[in-house]
Structures are given as structure tokens and as C-alpha cells.
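Dumped run-v2.cif below, it's mmCIF, C-alpha atoms:
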```
data_final
#
loop_
_atom_site.label_atom_id
_atom_site.label_comp_id
_atom_site.auth_asym_id
_atom_site.auth_seq_id
_atom_site.Cartn_x
_atom_site.Cartn_y
_atom_site.Cartn_z
CA MET O 17 134.07 226.38 199.41
CA THR O 18 132.01 229.46 200.18
CA LYS O 19 128.88 229.42 202.27
CA GLN O 20 126.82 230.29 199.20
CA GLU O 21 128.27 227.34 197.31
CA LEU O 22 127.46 225.03 200.21
CA LEU O 23 123.87 226.32 200.32
CA LYS O 24 123.59 225.51 196.64
CA GLU O 25 124.96 222.00 197.24
CA ILE O 26 122.41 221.48 200.03
CA LYS O 27 119.63 222.79 197.78
CA ASN O 28 120.63 220.33 195.06
CA ALA O 29 120.91 217.49 197.58
CA LEU O 30 117.33 218.28 198.62
CA GLN O 31 116.32 218.40 194.94
CA ARG O 32 114.61 221.69 195.63
CA ASP O 33 113.54 224.30 193.09
CA ASP O 34 113.64 227.27 195.44
CA ASP O 35 116.76 228.61 197.08
CA ILE O 36 117.39 227.96 200.74
CA ALA O 37 118.53 230.49 203.29
CA GLU O 38 120.42 230.02 206.53
CA ASP O 39 117.58 231.22 208.70
CA MET O 40 115.10 228.66 207.39
CA GLU O 41 113.76 226.07 209.82
CA LEU O 42 114.42 222.56 208.49
CA GLU O 43 110.90 221.52 209.45
CA SER O 44 109.53 224.20 207.15
CA ILE O 45 111.38 222.74 204.16
CA GLU O 46 109.07 220.31 202.38
CA GLU O 47 111.97 218.23 201.01
CA TRP O 48 113.61 217.70 204.42
CA ASP O 49 113.13 214.12 205.59
CA SER O 50 115.21 211.16 206.77
CA LEU O 51 116.43 210.39 203.24
CA ALA O 52 117.47 214.01 202.83
CA ALA O 53 119.41 213.77 206.09
CA LEU O 54 121.11 210.60 204.83
CA THR O 55 121.91 212.37 201.57
CA LEU O 56 123.50 215.22 203.50
CA LEU O 57 125.70 212.75 205.40
CA SER O 58 126.97 211.40 202.08
CA LEU O 59 127.38 214.91 200.67
CA TYR O 60 129.52 216.08 203.59
CA ASP O 61 131.59 212.93 203.34
CA GLN O 62 132.18 213.53 199.63
CA LEU O 63 132.77 217.30 199.89
CA PHE O 64 134.75 217.55 203.11
CA SER O 65 135.77 213.97 203.98
CA VAL O 66 134.03 214.29 207.34
CA THR O 67 131.60 211.73 208.70
CA PHE O 68 128.71 212.93 210.79
CA THR O 69 126.14 210.79 212.58
CA MET O 70 122.41 210.81 211.99
CA ALA O 71 122.15 211.96 215.61
CA GLU O 72 124.28 215.01 214.85
CA ILE O 73 122.20 215.85 211.79
CA GLY O 74 119.06 215.20 213.81
CA LYS O 75 120.05 217.92 216.29
CA CYS O 76 120.05 220.55 213.55
CA ARG O 77 117.01 222.81 213.60
CA LYS O 78 117.92 225.41 210.98
CA VAL O 79 119.85 225.45 207.72
CA SER O 80 122.48 227.49 209.58
CA ASP O 81 123.02 224.49 211.89
CA LEU O 82 123.78 222.32 208.85
CA VAL O 83 126.29 224.91 207.68
CA ALA O 84 127.79 225.22 211.16
CA LEU O 85 128.49 221.46 211.20
CA VAL O 86 131.32 221.96 208.74
CA GLY O 87 132.56 225.05 210.57
CA ASP O 88 135.67 226.58 209.10
CA LYS O 89 135.57 224.42 205.98
CA VAL O 90 133.35 227.06 204.40
CA SER O 91 134.31 230.70 204.05
CA MET A 11 129.41 166.33 212.08
CA ILE A 12 131.52 168.30 209.59
CA LYS A 13 135.23 167.52 209.70
CA PHE A 14 138.01 169.00 207.63
CA GLN A 15 141.44 167.49 207.02
CA LYS A 16 144.60 169.25 208.16
CA GLU A 17 146.04 169.01 204.65
CA ASP A 18 143.03 170.83 203.21
CA ASN A 19 143.74 174.54 202.77
CA TYR A 20 140.91 177.04 202.88
CA LEU A 21 141.53 180.63 201.88
CA VAL A 22 139.41 183.11 203.84
CA THR A 23 139.27 186.82 202.99
CA GLY A 24 138.14 189.47 205.44
CA ALA A 25 139.60 187.17 208.07
CA SER A 26 140.62 189.83 210.56
CA SER A 27 137.12 190.51 211.86
CA GLY A 28 133.44 189.77 211.71
CA ILE A 29 132.05 186.97 209.57
CA GLY A 30 135.36 186.22 207.84
CA ARG A 31 137.13 185.79 211.14
CA ALA A 32 134.36 183.55 212.48
CA ILE A 33 134.58 181.35 209.37
CA ALA A 34 138.38 181.09 209.66
CA SER A 35 138.11 180.12 213.33
CA LYS A 36 135.41 177.56 212.60
CA ILE A 37 137.44 175.89 209.81
CA ILE A 38 140.40 175.56 212.18
CA GLU A 39 138.09 174.23 214.92
CA LEU A 40 136.81 171.59 212.48
CA GLY A 41 140.33 170.45 211.63
CA GLY A 42 141.15 172.32 208.42
CA SER A 43 144.01 174.68 207.61
CA VAL A 44 143.38 178.33 206.84
CA ILE A 45 145.17 180.90 204.73
CA ALA A 46 143.79 184.02 206.37
CA VAL A 47 143.73 187.14 204.20
CA ALA A 48 143.18 190.70 205.40
CA ARG A 49 144.72 194.13 205.43
CA ARG A 50 145.57 194.07 209.15
CA GLU A 51 148.34 191.70 210.15
CA GLU A 52 148.02 192.05 213.92
CA LYS A 53 144.45 190.76 213.87
CA LEU A 54 145.44 187.78 211.74
CA ASN A 55 148.26 186.67 213.99
CA GLU A 56 145.85 185.70 216.77
CA LEU A 57 144.00 183.22 214.54
CA GLY A 58 146.45 180.36 214.38
CA ALA A 59 146.36 180.39 210.59
CA VAL A 60 148.81 181.17 207.82
CA SER A 61 148.52 184.92 207.28
CA GLU A 62 148.57 186.81 204.01
CA VAL A 63 148.34 190.58 204.36
CA ILE A 64 147.02 192.28 201.24
CA ASP A 65 144.69 195.08 200.21
CA LEU A 66 142.52 193.17 197.73
CA SER A 67 140.96 196.23 196.11
CA ALA A 68 144.39 197.72 195.37
CA LYS A 69 145.62 194.67 193.48
CA VAL A 70 142.56 193.36 191.66
CA ASP A 71 144.37 192.80 188.36
CA ASP A 72 147.06 190.73 190.09
CA LEU A 73 144.83 188.56 192.28
CA SER A 74 144.51 185.62 189.90
CA SER A 75 148.28 185.20 189.57
CA TRP A 76 148.63 185.85 193.32
CA MET A 77 146.42 182.79 193.89
CA LEU A 78 148.84 180.71 191.82
CA ASP A 79 151.74 181.96 193.95
CA LEU A 80 149.78 181.08 197.10
CA ALA A 81 149.19 177.54 195.89
CA LYS A 82 152.90 177.12 195.16
CA LYS A 83 153.76 178.47 198.60
CA HIS A 84 151.16 176.72 200.76
CA GLY A 85 149.86 173.88 198.62
CA LYS A 86 146.67 173.54 196.63
CA ILE A 87 143.53 175.16 197.98
CA LYS A 88 140.39 173.13 198.77
CA GLY A 89 138.05 176.02 199.31
CA LEU A 90 137.50 179.77 199.29
CA ALA A 91 135.38 181.71 201.77
CA LEU A 92 135.25 185.25 200.46
CA SER A 93 134.06 187.66 203.10
CA ALA A 94 135.99 190.85 202.39
CA GLY A 95 133.66 193.65 201.41
CA VAL A 96 132.51 197.10 202.24
CA GLN A 97 129.11 198.65 202.79
CA GLU A 98 128.38 202.29 202.14
CA THR A 99 125.03 203.89 202.80
CA VAL A 100 124.55 206.42 200.00
CA PRO A 101 121.14 207.49 198.72
CA LEU A 102 120.74 207.40 194.93
CA ARG A 103 120.63 211.18 194.70
CA ALA A 104 124.04 211.40 196.43
CA THR A 105 125.67 208.65 194.39
CA ASN A 106 129.16 209.49 193.20
CA LEU A 107 130.02 207.22 190.28
CA SER A 108 133.72 207.14 191.02
CA LYS A 109 133.07 205.98 194.60
CA ALA A 110 130.40 203.58 193.38
CA ARG A 111 132.98 201.93 191.10
CA GLN A 112 135.42 201.67 194.01
CA LEU A 113 132.84 199.71 196.01
CA PHE A 114 132.30 197.34 193.08
CA GLU A 115 136.07 196.91 192.81
CA LEU A 116 136.22 195.20 196.21
CA ASN A 117 132.73 193.70 196.55
CA TYR A 118 132.55 192.24 193.05
CA PHE A 119 135.72 192.45 190.93
CA ALA A 120 138.17 191.35 193.65
CA ASN A 121 135.98 188.30 194.30
CA LEU A 122 135.71 187.61 190.57
CA ALA A 123 139.51 187.75 190.25
CA LEU A 124 139.94 185.37 193.20
CA ALA A 125 137.40 182.98 191.69
CA LYS A 126 139.24 183.14 188.38
CA GLY A 127 142.50 182.31 190.15
CA PHE A 128 140.85 179.46 192.05
CA CYS A 129 139.41 177.77 188.97
CA ASP A 130 142.98 177.17 187.73
CA LYS A 131 143.69 173.46 188.21
CA ARG A 132 147.16 174.38 189.47
CA VAL A 133 145.45 176.23 192.34
CA ASN A 134 142.40 174.24 193.42
CA ALA A 135 142.47 170.79 194.95
CA GLY A 136 140.36 169.27 192.18
CA ARG A 137 136.93 167.63 192.50
CA GLY A 138 135.28 168.47 195.81
CA SER A 139 136.76 171.98 195.89
CA SER A 140 134.29 174.70 196.71
CA MET A 141 133.78 178.44 196.85
CA VAL A 142 131.52 180.33 199.24
CA PHE A 143 130.87 184.03 198.71
CA ILE A 144 129.52 186.18 201.51
CA SER A 145 126.78 188.23 199.88
CA SER A 146 123.96 190.04 201.71
CA ASN A 147 120.21 189.91 202.07
CA ALA A 148 120.36 193.44 200.61
CA ALA A 149 120.72 191.62 197.27
CA ILE A 150 117.11 190.43 197.58
CA SER A 151 115.50 193.12 199.78
CA GLY A 152 115.40 196.77 198.81
CA MET A 153 116.64 199.18 201.45
CA PRO A 154 117.01 202.97 201.14
CA GLY A 155 120.61 204.11 200.76
CA LEU A 156 121.91 200.71 199.65
CA VAL A 157 121.40 200.94 195.89
CA ASN A 158 125.01 200.39 194.88
CA TYR A 159 125.85 198.00 197.70
CA SER A 160 122.79 195.86 196.90
CA ALA A 161 123.77 195.84 193.23
CA SER A 162 127.31 194.70 194.05
CA LYS A 163 125.97 191.79 196.10
CA GLY A 164 123.33 190.97 193.50
CA ALA A 165 126.07 190.83 190.88
CA LEU A 166 127.94 188.39 193.08
CA ASP A 167 124.89 186.14 193.50
CA ALA A 168 124.23 186.11 189.76
CA ALA A 169 127.90 185.31 189.09
CA VAL A 170 127.68 182.45 191.60
CA ARG A 171 124.98 180.73 189.57
CA ALA A 172 126.87 181.12 186.29
CA MET A 173 130.17 180.01 187.86
CA ALA A 174 128.45 176.97 189.37
CA ALA A 175 127.17 175.96 185.94
CA GLU A 176 130.57 176.50 184.37
CA LEU A 177 132.67 174.73 187.00
CA ALA A 178 130.39 171.76 187.74
CA ARG A 179 132.21 169.65 185.13
CA ASP A 180 135.38 170.07 187.20
CA GLY A 181 133.55 169.07 190.38
CA ILE A 182 133.89 172.56 191.86
CA ARG A 183 130.86 173.86 193.73
CA VAL A 184 130.01 177.55 194.06
CA ASN A 185 127.49 179.05 196.50
CA SER A 186 126.81 182.27 198.34
CA VAL A 187 125.48 183.06 201.79
CA LEU A 188 123.24 186.10 202.24
CA PRO A 189 123.47 187.34 205.82
CA GLY A 190 121.15 189.87 207.35
CA PHE A 191 122.30 192.39 209.93
CA VAL A 192 125.13 190.90 211.97
CA ARG A 193 126.87 192.54 214.94
CA THR A 194 130.49 192.99 213.87
CA GLU A 195 133.19 195.62 214.29
CA MET A 196 131.84 197.28 211.14
CA THR A 197 128.24 197.43 212.34
CA GLU A 198 129.33 198.55 215.83
CA LYS A 199 130.63 201.69 214.08
CA TRP A 200 127.22 202.22 212.49
CA GLY A 201 125.71 201.89 215.96
CA SER A 202 127.84 204.73 217.26
CA MET A 203 126.94 206.78 214.16
CA ASN A 204 123.20 206.21 214.31
CA GLY A 205 122.47 206.68 217.99
CA PRO A 206 121.83 204.57 221.09
CA THR A 207 118.62 202.88 219.92
CA TYR A 208 120.05 201.72 216.57
CA PHE A 209 120.62 198.08 217.48
CA GLU A 210 117.29 197.88 219.28
CA GLU A 211 115.53 199.15 216.15
CA MET A 212 117.43 196.76 213.88
CA ASP A 213 116.63 193.88 216.21
CA LYS A 214 112.90 194.54 215.77
CA LYS A 215 113.23 194.10 212.00
CA TYR A 216 114.47 190.53 212.40
CA PRO A 217 111.99 187.90 213.65
CA LEU A 218 114.89 185.94 215.20
CA GLY A 219 116.80 189.07 216.17
CA ILE A 220 120.00 190.40 214.61
CA GLY A 221 122.77 187.90 214.03
CA ARG A 222 126.20 187.03 215.33
CA PRO A 223 129.15 186.04 213.10
CA GLU A 224 129.10 182.53 214.60
CA GLN A 225 125.62 182.04 213.15
CA LEU A 226 127.08 182.37 209.65
CA SER A 227 130.30 180.41 210.05
CA GLY A 228 128.57 177.06 210.48
CA VAL A 229 126.61 177.51 207.25
CA ALA A 230 129.73 178.57 205.35
CA CYS A 231 131.65 175.54 206.64
CA PHE A 232 128.78 173.26 205.69
CA LEU A 233 128.82 174.64 202.14
CA LEU A 234 132.59 174.21 201.94
CA SER A 235 132.37 170.63 203.19
CA ASP A 236 131.59 167.38 201.40
CA SER A 237 128.27 167.31 203.31
CA ALA A 238 127.08 169.90 200.79
CA GLY A 239 128.40 167.84 197.89
CA TRP A 240 125.16 168.12 195.90
CA ILE A 241 124.59 171.85 196.50
CA THR A 242 125.85 174.34 193.94
CA GLY A 243 124.79 177.64 192.43
CA GLN A 244 122.68 178.53 195.44
CA ASN A 245 122.23 181.89 197.19
CA ILE A 246 121.39 180.85 200.73
CA VAL A 247 119.71 183.44 202.94
CA VAL A 248 120.77 183.33 206.59
CA ASP A 249 119.15 186.36 208.17
CA GLY A 250 116.92 185.39 211.07
CA GLY A 251 113.89 185.90 208.88
CA GLY A 252 114.82 189.51 208.15
CA SER A 253 113.90 189.27 204.48
CA LEU A 254 110.53 187.56 205.03
#
```
How would this structure read if it were set down as C-alpha cells?
Amino acid sequence: MTKQELLKEIKNALQRDDDIAEDMELESIEEWDSLAALTLLSLYDQLFSVTFTMAEIGKCRKVSDLVALVGDKVS
Amino acid sequence: MIKFQKEDNYLVTGASSGIGRAIASKIIELGGSVIAVARREEKLNELGAVSEVIDLSAKVDDLSSWMLDLAKKHGKIKGLALSAGVQETVPLRATNLSKARQLFELNYFANLALAKGFCDKRVNAGRGSSMVFISSNAAISGMPGLVNYSASKGALDAAVRAMAAELARDGIRVNSVLPGFVRTEMTEKWGSMNGPTYFEEMDKKYPLGIGRPEQLSGVACFLLSDSAGWITGQNIVVDGGGSL
């Protein structure tokens, strides 16, 4: 999966109209809340078969941190 | 005081850990014999029960005939305590239908197949036989992320009432127990996933605190026993007041 494809998956998971960019602060994204974080956990499990904790997601400050979680699984 | 007879066989699924294991231990403690079913043999060996190692969700279509084989091998079965199940926290928006069906396969269809096998008069021990399904208080309380899991347990509870009505003429009772949050191997994993304050936070949601498997096993044994001889078709909440 490419980074752009992952960003699109995250955008859809957040049910957001506007695109998201890596440099965006999560706090600035209206749709980002605890349910969105839970959704992302499920999404990563389904897409990459990796299980993250809410604590790990909670440490993310920017969209780039969410992308970095899956490291080399995106190109 | 509930007492079981040594010649009475009780089949317990999910017997390698958590609530299932506590129920199996309690039945043995009260004098009954247990056919302990799980995927992990090493955990079953410590129980002092007859062990049957099987992945229930992989053999759903064969489970009813498997019950008949078990009865031939170990003798007729007096009761079922069906505790095997899986919980997945998946928000609605992230629901994958294929995975959702897999959860239903174990939580609902495997139990349905076992119940079907048990209602065969060549399998059950006749009048006084009983089934107890381990459901969840999620079947009656909405919680974010548990849409499909709650539905699978709700399906079980509804089936319990219909089965009870259908099997009453044969003297077979059918009930379910709806636990709240119980500390088990499975929930310990959630604790490590959700951070250090997870159990503390869960504890606050339960007026009597979160539960232990031993707090469910007594209720399950009561429902399996003749002491509950006039109780059928009931979904009994045992959750420390968590669903109040």
C-alpha cells in the first residue's frame, strides 16, 4: 500500500469530506475522537494484521505519526 | 448445597481458561464429571477432566454428529455449559462483514450446532438435562465498538428462550448467563492494550466492581443442577450491577 492510499483509508475511516495531509495535527481534525481512534485500531488490524494499543494511538500527535505506526508497510 | 453425581457428564466449552475453566472446576468440585473442550490441550490436562481438543469454529457443520460420537465414547451427557466465544471491539464504521460472520460462527452458530447435537435423545441424559450458555451483558447494554459482538450474544439469548419452549416437553432446560466485565486471560490482554488505568476505569463502571470467573461458575452450576429444576428460558444477568 502506498502512503497516499493509506491517507485515503484514514480519511474514510474518519468519514471526512476533506483530504488529510501528513502534517495535520490530529487535534485540529474535527472528526478525530476516541471512536475514530478505535476505528483506526480496527483498520490497521484489517489492513496490516497488526494490533496497536489505544495508548500507542493516543501518543500520536500528527497524521504522520499515524502513518509512521505502520512503518515500512507503506511505500 | 448443589451436588452432582459422578456418573453425570457435563460438557464444558472454553474450558481452558476464564469462565469456562472456572465452571469445569466447579462441576468437578461438586462431584460431577466433565468433558472439557478447548483448542489448547495443555491447559485442559491440568483440570482433572476428560479432554476433547477441537477448534469449534472450524468444524461447525460437524458439531452435532461430533456430540453423538462423544456420547458413545463417554456416555450420555447431563448438561452443557457453553463458554467458548470471542469478543472483538470494532466500531460500526470499521465493520468488515467477512470478519463479522466469523465472529457469529463461533459465538452463535457453533453453540447452535452443539445445542442441536445435545437435543438428540441418544446424546442427552433425558429429563433433567440442561444447557447453560455464557452470553454477555453486552446483549442488553449498548457499548461503542461492540455492535456485532452484542448482536451475537443477543442472538444466543433469543435462541435460548425459543429452545427452552421447544425442549420443555422433553424435560430439558435451557438458560443463559450474562456476565459483565470479568478478569480473565482474555481481558488481561485488553488491559495491556488499553493502558495501565484500564481495569481501574472498568471497575468504576460496576457498582460491585469487576468480576472474577468464580463469581459466574456457581450460578452456572446452579442452573445446571436440579435445584434450578423450574427455571428455563431465562437470560440471567450476573454483572455486579454493571447494567443497572
Per residue of chain A within 10 Å of chain O, which atom pair is closest and at what distance in Å (one decimal), using all atoms listed in the file, listed by chain and increasing number, as a Markdown table?
```
| residue | atom | partner | partner_atom | distance |
| --- | --- | --- | --- | --- |
| A:Glu98 | CA | O:Ser58 | CA | 9.2 |
| A:Thr99 | CA | O:Ser58 | CA | 7.8 |
| A:Val100 | CA | O:Ser58 | CA | 5.9 |
| A:Pro101 | CA | O:Thr55 | CA | 5.7 |
| A:Leu102 | CA | O:Thr55 | CA | 8.4 |
| A:Arg103 | CA | O:Ala29 | CA | 6.9 |
| A:Ala104 | CA | O:Thr55 | CA | 5.6 |
| A:Thr105 | CA | O:Ser58 | CA | 8.3 |
| A:Asn106 | CA | O:Gln62 | CA | 8.2 |
| A:Lys109 | CA | O:Gln62 | CA | 9.1 |
| A:Pro154 | CA | O:Leu51 | CA | 7.7 |
| A:Gly155 | CA | O:Leu54 | CA | 7.7 |
| A:Trp200 | CA | O:Thr69 | CA | 8.6 |
| A:Gly201 | CA | O:Thr69 | CA | 9.5 |
| A:Ser202 | CA | O:Thr69 | CA | 7.8 |
| A:Met203 | CA | O:Thr69 | CA | 4.4 |
| A:Asn204 | CA | O:Met70 | CA | 5.2 |
| A:Gly205 | CA | O:Ala71 | CA | 5.8 |
| A:Pro206 | CA | O:Ala71 | CA | 9.2 |
```
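Proximity to segment 169-171 of chain A at 7 Å, evaluated using only C-alpha atoms and with sequence-adjacent residues fewer than 5 positions away removed, yields A:Val184, A:Asn185, A:Ser186, A:Gly243, A:Gln244.
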### atom CA of Leu57 of chain A to atom CA of Ala25 of chain A, distance in Å rounded to a single decimal
8.8 Å
### Task
Name the residues that the PyMOL selection byres ((chain A and resi 78-95) around 9) pulls out of this structure, and write them as a PyMOL selection string.
chain A and resi 17-25+28-31+33-34+45+47-48+60+66+73-77+96-97+113+116-118+121+124-125+127-128+130-136+138-145+230-231+234-235
### Message
Could you list, as a VMD selection string, every residue matched by the PyMOL selection byres ((chain O and resi 34) around 12) in this structure?
### Response
chain O and resid 23 to 24 26 to 28 30 to 33 35 to 37 45 to 47
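Here the residues that fall within 12 Å of (118.4, 194.4, 216.8), using only C-alpha atoms, are given as A:Gly190, A:Phe191, A:Val192, A:Arg193, A:Thr197, A:Glu198, A:Gly201, A:Pro206, A:Thr207, A:Tyr208, A:Phe209, A:Glu210, A:Glu211, A:Met212, A:Asp213, A:Lys214, A:Lys215, A:Tyr216, A:Pro217, A:Leu218, A:Gly219, A:Ile220, A:Gly221, A:Arg222, A:Asp249, A:Gly250, A:Gly252.
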### Message
Using the chain letters and numbers from this file, what does the PyMOL selection byres ((chain O and resi 81-90) around 7) select? Give the answer as a VMD selection string.
### Response
chain O and resid 17 to 19 76 to 80 91
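Interatomic distance, atom CA of Lys75 of chain O against atom CA of Trp48 of chain O: 13.5 Å.
Each of A:Met196, A:Val70, A:Val247, A:Ala110 was compared to Asp167 of chain A using all atoms listed in the file, and A:Val247 turns out to be the nearest.
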Write out as lines of an AutoDock Vina configuration file an axis-aligned box for segment 73-81 of chain O: all of its atoms listed in the file, 8 Å added on each side, centre and edge lengths in Å with one decimal.
```
center_x = 120.0
center_y = 221.3
center_z = 212.0
size_x = 22.0
size_y = 28.3
size_z = 24.6
```
### Given all atoms listed in the file as the counted atoms, nearest of A:Met153, A:Ala165, A:Ala32, A:Leu107 to Leu122 of chain A
A:Ala165
